[in-house]
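In what follows, a structure is listed as structure tokens, so that the remarks can point back to it.
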Amino acid sequence: MERKIAFGLALRKARLHRGVSQETLAPSQAYVSEVEHGKKSPSIEKVEDLAKALGIHPITLLAKSYLLEGEDVSTLLKRVELELNDLAAR
């Protein structure tokens, strides 16, 4: 699955789970729709804004997009933890 399609699906699932409308999520409903359909890729700042509006961490949205491709939660979290610890040690 293409990354921006997976991210859009993760955003949609999170938005629906939280009961937030596209209009509430961002100033432009059209923009949210384009992101959710994989037509646009949000900037890092926009990912932060979207996550904040959903009450979740931006990394959660990115992680969810990887999980939609079949990666296991515990495997993903272990990998991220190892990589962060490695980066912190340098």
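Order determines the names: the first chain of the structure tokens is A, the second B, and so forth; residues in each chain are numbered 1 upward, and ligands are numbered 1 upward as they are shown.
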
List as a ChimeraX atom specification the protein and nucleic acid residues near stretch 38-54 of chain A, meaning an atom at most 8 Å away when only C-alpha atoms are counted, but skip any in the same chain fewer than 4 places from it. /A:4-9,14-15,18,20,25-26,31,34,58,61

Per-residue DSSP, chain A, filtered to alpha helix (DSSP H), as a ChimeraX atom specification: /A:3-18,22-25,29-36,44-54,58-67,73-88
